[in-house]
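Below: one structure, written as structure tokens.
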There are 8 protein chains.
Amino acid sequence: MEKKEIKMLLEQVATGKLSVEGATLKLKEAPFEDLGFAKLDYHRSLRQGIAEVIYGAGKTPEQISTIARAMQEHGQKTILITRMDADVANSVGKNIKLKYFDMGGIGIVGEMPIPDGRGKILVATGGTSDMHVAEEAALTAEALGNEVTRLYDVGVAGLHRLLANKDDIMNASVIIAVAGMEGALASVIGGLSSCPVLAVPTSVGYGASFSGISALLSMLNSCASGVSVVNIDNGFGAAYQASMINHVGIV
Amino acid sequence: MEKKEIKMLLEQVATGKLSVEGATLKLKEAPFEDLGFAKLDYHRSLRQGIAEVIYGAGKTPEQISTIARAMQEHGQKTILITRMDADVANSVGKNIKLKYFDMGGIGIVGEMPIPDGRGKILVATGGTSDMHVAEEAALTAEALGNEVTRLYDVGVAGLHRLLANKDDIMNASVIIAVAGMEGALASVIGGLSSCPVLAVPTSVGYGASFSGISALLSMLNSCASGVSVVNIDNGFGAAYQASMINHVGIV
Amino acid sequence: MEKKEIKMLLEQVATGKLSVEGATLKLKEAPFEDLGFAKLDYHRSLRQGIAEVIYGAGKTPEQISTIARAMQEHGQKTILITRMDADVANSVGKNIKLKYFDMGGIGIVGEMPIPDGRGKILVATGGTSDMHVAEEAALTAEALGNEVTRLYDVGVAGLHRLLANKDDIMNASVIIAVAGMEGALASVIGGLSSCPVLAVPTSVGYGASFSGISALLSMLNSCASGVSVVNIDNGFGAAYQASMINHVGIV
Amino acid sequence: MEKKEIKMLLEQVATGKLSVEGATLKLKEAPFEDLGFAKLDYHRSLRQGIAEVIYGAGKTPEQISTIARAMQEHGQKTILITRMDADVANSVGKNIKLKYFDMGGIGIVGEMPIPDGRGKILVATGGTSDMHVAEEAALTAEALGNEVTRLYDVGVAGLHRLLANKDDIMNASVIIAVAGMEGALASVIGGLSSCPVLAVPTSVGYGASFSGISALLSMLNSCASGVSVVNIDNGFGAAYQASMINHVGIV
Amino acid sequence: MEKKEIKMLLEQVATGKLSVEGATLKLKEAPFEDLGFAKLDYHRSLRQGIAEVIYGAGKTPEQISTIARAMQEHGQKTILITRMDADVANSVGKNIKLKYFDMGGIGIVGEMPIPDGRGKILVATGGTSDMHVAEEAALTAEALGNEVTRLYDVGVAGLHRLLANKDDIMNASVIIAVAGMEGALASVIGGLSSCPVLAVPTSVGYGASFSGISALLSMLNSCASGVSVVNIDNGFGAAYQASMINHVGIV
Amino acid sequence: MEKKEIKMLLEQVATGKLSVEGATLKLKEAPFEDLGFAKLDYHRSLRQGIAEVIYGAGKTPEQISTIARAMQEHGQKTILITRMDADVANSVGKNIKLKYFDMGGIGIVGEMPIPDGRGKILVATGGTSDMHVAEEAALTAEALGNEVTRLYDVGVAGLHRLLANKDDIMNASVIIAVAGMEGALASVIGGLSSCPVLAVPTSVGYGASFSGISALLSMLNSCASGVSVVNIDNGFGAAYQASMINHVGIV
Amino acid sequence: MEKKEIKMLLEQVATGKLSVEGATLKLKEAPFEDLGFAKLDYHRSLRQGIAEVIYGAGKTPEQISTIARAMQEHGQKTILITRMDADVANSVGKNIKLKYFDMGGIGIVGEMPIPDGRGKILVATGGTSDMHVAEEAALTAEALGNEVTRLYDVGVAGLHRLLANKDDIMNASVIIAVAGMEGALASVIGGLSSCPVLAVPTSVGYGASFSGISALLSMLNSCASGVSVVNIDNGFGAAYQASMINHVGIV
Amino acid sequence: MEKKEIKMLLEQVATGKLSVEGATLKLKEAPFEDLGFAKLDYHRSLRQGIAEVIYGAGKTPEQISTIARAMQEHGQKTILITRMDADVANSVGKNIKLKYFDMGGIGIVGEMPIPDGRGKILVATGGTSDMHVAEEAALTAEALGNEVTRLYDVGVAGLHRLLANKDDIMNASVIIAVAGMEGALASVIGGLSSCPVLAVPTSVGYGASFSGISALLSMLNSCASGVSVVNIDNGFGAAYQASMINHVGIV
């Protein structure tokens, strides 16, 4: 059914009755009019060639397995499951073939796609304890078709570690700066790079870090231009937008 | 002096002794080693062909005029002055030719550049009272070489106004969503578009809006993927990053 | 004793010595002068024909059973028990016949009343994780004599899901909008409907959602008219007021 | 144009081709499809027979006058202007006939409508300093077609003042409880009445009242059932919803 | 040693060489100059004839037993142990004879003193869930030599319950008002009484009660005169000051 | 009228038909049943022989003068006007004889009463900038019939200043501790005295004093027993309760 | 009088009856026993040879002049007046010879002392707008006998500016890091230096900088060791402690 | 390799080709240019002769053991492990010889160094429950080569305990003041001493202590000069800076 519609649309494009831009717009609009949730997903996948995402938190292994299998049957090649504990992953893995990454809480069903973005996404962290959030970001970015460089434990209290990697910073297409405590990493990297920096405050720290508020405020007040911020510990959100940026203008 | 260095570098490129990528990297690195503040600016301008920015808040008309004139003498074609009151603009205008935009608090010395980004930047606001911040964003984006579409007063309490403009939303390369009060605009637009959305909370509202905190929190907690946030009222910051995104991969 | 007073009063009404309005007022006033807690409940029940409520949190199964049985003996037909864990419900169920709803944490002793309100109460949620609070609201509304329409997982990031149900929204007598994270659902629904909207912020979310503060502030700052707010996760409170509204002018 | 559509629709109703319910639904839906802002207003007025509202804050006297005159020409009989200073009102009054209420910051163009709600709306305040917000509520309610009872300075520290007026409280259809400082009025009134109570925290107080936060939190945590809350100082918002409730089921 | 000093002092008083006031002042001053912690306690006991207090939280059963026994050996007749769990009380009870009050978390070693204050201390609560804090207050007051009236579950949402007990309120010498949620009890009682009211916010509630902040702010902003506030859940602190007030001018 | 009632009541007392306690209770109860605001005041005055209070903030000079004159006509000997600016005081002074205290913002109509409390009220401040609040407290206490000792600028950073006055601290009947910044004064004084300490946080300070929040929290968390707290800058409230305490048991 | 005591004490030292340490301890202790405020100051001056400080905020020009003159008469060579506006300084300058520094709000009566600390105090700022606070720190440090290096506008978004001055950072004895917005300067400098860093958050910034809270939290959460923090905008406090550190072990 | 570089450098010093200061600077600079993390540590150790620190929180026993052994092999004599639970310490102790201090959560590998600072570091606490943080500070200070005086349970509510130890306070080189609840200890000690005071707020307390915020704010607003503050519960951070201060000018 849906496939028919899409075929017809593509034939119109093929015969010149519809421009590519026009067709793309039609596909994007579709969910607006009468589609349900599943359709939207299907469209997005078809349009962008990237992974579908299952937000794992609060879902049972059965629910996750069911959704993932339905996606597979629709032809989805990469399925990303976020915020999934090892226990849940273990149970899901009995139902469907799954690669689980403990650091990051990420499961991947299917193959990681071949990167097709403009450049590299750099994921940097202030400390080793920010790695869990950073891996959520890095694996998400990879699952969405991006090449990722990891640069961990380069907090601003030891600048030499950061400066030793300035080539990575300068060559990145987008940078995801992950830091807790005082969250200064985003500002320092923002000052060193000329690409967009997406800052992820983490809940790492104690006392007056207030579970990430300190880092969040630092990042929002960054004196460097070109820095925007996502929610505390939201590695997925940063990677999702980073991937969008890294694919700007790529159909 | 600096010009010499740059010339030498460019000659090396011309004669094939240095690749373009190598030279670009060199220029970016330069500020690292021994340059002062002015040099950095000069490099950035040379590299990106875009406007230099003067943060007007807290600066005297004399200071602004002096900096602007120095930039002009360096060959800068577009100079953007932000956060400038009408009074200050009036005084600056006596020293240097200036186009002042009261709504937005922006002054432009020189010509607006010809847009050279990938697509259009859409600036949307929830209400008419968010326009000051939105214009700061829109004018900044234009001064940085972007084509801008304005979509004002499309707050979520009157969805038909927003839906009537869904083509603009779907065709944008980047979207800047400006809203105070409950800040829901970012989420709704984020759900309608497939491009990055930069959310700008504004201090518009009263009572429990707490000068923008309500909108800021809403935007950070957006249930839509692809949304990141800048500081309250920071139209400039959103536009700066939007321009970066709209120029990704463009030398 | 109390029964005698009420009988006398009703006889006066029957014989025309007292108008219905006068009698109603007297009954409402009664608790004021010398009645204890139980009396109040009895009056309310008699006056409104609706369910009595036991707030289960912090009460032992024995306490709940005792209160419920006392109510039954007073002739109460529907007894609503809120904020009750499955364990407690299990114990209570051994003492008294009980229907327990795990999603919502609600127990019902007796029969659900036949709806006698003016119209339907619509209960809408932003996401599936808001369902627990929504069911507390929906079941409470039903126990208080209302017909309820459930519209779950219609968050603003996927507007088409909400718009596909606009008839439900427009036909409702009262709407309860349940949402966590950025809480934008209340504003969007408020803009689509012309009936009162009661917003329930939920503690669903992470990071800067601050256990419901983000949603609470959004809802208080709603740019839509006709929206009021109850405490975080207070599905019962919203349903109680919604039922009052749905019974306005009905004796 | 629009008038034609509406006429056609009404003729269909008149000839039985369209039920009243069907027509009402059509009119409500209209703004959804292609209408602009003005159309919506026109529809609402036609549908509800009540006042149009102009939010005066941040608007110039010229803007207010222009909008009010346009509404008058559309046949609007009552136009409510909120959040208007005396100075602005004075200027507006030179362009258009206006009745201004200093206490409340409200201007009325045209006649107050004849009340057509189910019952009375009671507006109660804790102290005399809450009167400005209370009058915004009371005048708004009157402009929207409600009979209003005012009960001012009945704060909980002098219960006898409140109890002396318990008949007013018990006879009300909806109650708007306006209070600053500790905001306890809403709970006490909520306990005395069996109708919905809309609580309006005010920014009245000093020190740890934190410009209304203390009252806001008190009201959200009310131990009385049937209380919901609007934004700090939002007398208009409470009255708007109160009017909706007082007109439930009235076409 | 210390006894000698005190004896000498008392002999001076006896022989008229030192006035009673002078001696009292000396005893109070003593800790200032060279005394250690134990001495202070001994003095206080000697001076006031009331209970010594052991703050149980964070102390092992052994520590509590040791301190209590040492006090007993010094002749202390009543020893009050606060913030003690049932488990700890059980262990302590094996070492020293102890009466434990689960509701209140209070242990008493020795006899409760005969009340010797000016009047009665009334302890009132808004709800049954505030009883734990209220009992900490009531038992502390009794251990410090006060007659206590308990008035529980008289929250402001059911005023008749409070008004039915107005004689108790008006006859009290000091009132301790214990309430969570909106904390309005203190204001209402403050308005009904002419004696000092000590307000104790409790952490009872959920959502926007923020573990007692809502009640705390309400109480600080009480519109009733004669109300002061202690820390959240600090029943002991309120009772300690209440006892001081109830013993003003009593040697 | 009212006078008649009171006379009758006193005659009953005189002839032994009514006990003093019974009569006092009756007078206290009176406001409950049918009295308006003025009556209450009259009763209080009659019962306590102390000053009536007019809260001046937000009242016009005319309103203040009218109320004060009405009180005088009722025979009130001392009228206390709080929170009154010098300008307002000047205007009021033209209508009625007034003694104005700039430091404290207090006006007194009539004579200060002869102190009749149990002992002295000590008013202590941390710094000279807390004096405005302290004088509000001190003058209020004097107007309510208390002898007051002032001990200003004895902040804890210069302990010798405080210790030099330990006799005043130890001899006080009640202590009002007024301090901004870190608010430690209350704890130190609480540790030195055996009478109730009422702590008044002031909004004095800058930066992280957050207009008195720092001092407020310190005082609520005082490690000294016998300390309770009133609202920020609420010198009047502390003095009112202090006077109650200083008059405990005095008819 | 006091001089006599001090002379006697010094003679005892001179004749070997008292060790230098013993005498120093005595002088420090003196204020403890019976001295007033002025004596303390005099002692401090005598002991440390440094400037006396007058906190200017809230003092009249007359008060400042009087205190300063009294100090001069006691032989004080350098008198530092902080938090003084230009207007006040102008008035004070008519009474007493004064050098006023507008940037910093500092007045100096007498001569700046010859630096006698161990090394240099470095005062660094993130931006030019932090200069007011930085100058308060720098001038205070100079008035207390320290050599000061100023390093302004070296914010972390332009690392090259900071790195270009690493010798100054590494050679400092103490560093005062002054920054608003995200306050990252303290961490970066803390990582580059091996001396104590005193961080001063400033209220510079807008939106979510919350008048210095953002910078304050960043600095408290610094990931660099050796960083402590003073109150927002408290340049004086940082300099006072920096001077203490720079004079450790110097009599 | 590195050793060679350092040898060469030292030979240059020995032969007069390089001054000591020049060499020190070189060593400090080294990490800047090309060194990795391990080198830095090695340098610091070589330069300062003090303990290396392992932050234990979040590290496995294996990781801690591995790092500690590597340090030992580099010749590190004292290795300080912070924030280590007893369980982890037990496991680590099986791999490497370790002295564990339960109170403080500190492990020491190797010998405590011989103190080589200028004077003593005094660690004072308000209560016994602050001891855990205080011991983290005291043991850290000792491991970094300082003599430490402990002064516990000297809270301001019992001033005599503090004053009895004023010699310790006056003789200290640096003071670490550790306190929860109202945190007044820092101010009182700051007023008694003439050396730098580093204040450590602790999370000890309940209710409105808000896990250390109350103490933190008190300390930031200290009215005593010479007080700076570290993060809540950060005993290590205070001790690290205290050691720096105690070693100022000592190579």
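Each chain of the structure tokens is named A, B, ... in the order shown, its residues numbered from 1; ligands are numbered from 1 in display order.
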If we count only C-alpha atoms and set the cut-off at 9 Å, which residues sit around region 171-178 of chain A, ignoring sequence neighbours fewer than 4 positions away in its own chain? Please answer as an MDAnalysis selection string. (chainID A and resid 118:127 130:131 133:134 137:138 149 166:167 183 185:186 189:190 193:202 233 235 238:239 242:243 245:246) or (chainID B and resid 25 245 248:249)
Report the closest atom pair, with its distance in Å rounded to one decimal, for each residue of chain G that has an atom no farther than 8 Å from chain B; count only C-alpha atoms, sort by chain and then rising residue number, and write it as CSV.
residue,atom,partner,partner_atom,distance
G:Ser129,CA,B:Gly58,CA,7.5
G:Leu159,CA,B:Phe32,CA,7.3
G:His160,CA,B:Phe32,CA,4.7
G:Arg161,CA,B:Gly36,CA,6.7
G:Ala164,CA,B:Asp34,CA,6.6
G:Tyr206,CA,B:Ile232,CA,7.6
G:Gly207,CA,B:Ile232,CA,4.6
G:Ala208,CA,B:Asn231,CA,6.1
Q) Could you name the residues that touch Gly56 (chain E) at 8 Å or less, counting only C-alpha atoms, but leaving out those on the same chain fewer than 2 positions away, as a PyMOL selection string? A) chain E and resi 54+58-59+64+81-84
Those same residues, written as a compact mmCIF listing (two decimals), in the first residue's frame with C-alpha atoms?
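Below is the file selection-v1.txt, written as the result:
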# COMPACT_ATOMS: atom_id res chain seq x y z
CA ILE E 54 20.84 12.94 73.28
CA GLY E 58 24.22 8.81 63.55
CA LYS E 59 25.09 7.42 66.98
CA ILE E 64 23.87 6.20 73.21
CA ILE E 81 16.87 10.47 73.10
CA THR E 82 15.67 11.87 69.75
CA ARG E 83 15.85 10.63 66.16
CA MET E 84 16.33 7.01 67.14
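Within region 115-202 of chain G, the backbone-based DSSP assignment of strand (DSSP E or B) covers G:Lys120, G:Ile121, G:Leu122, G:Val123, G:Ala124, G:Thr125, G:Glu147, G:Val148, G:Thr149, G:Arg150, G:Leu151, G:Val174, G:Ile175, G:Ile176, G:Ala177, G:Val178, G:Ala179, G:Val197, G:Leu198, G:Ala199, G:Val200, G:Pro201.
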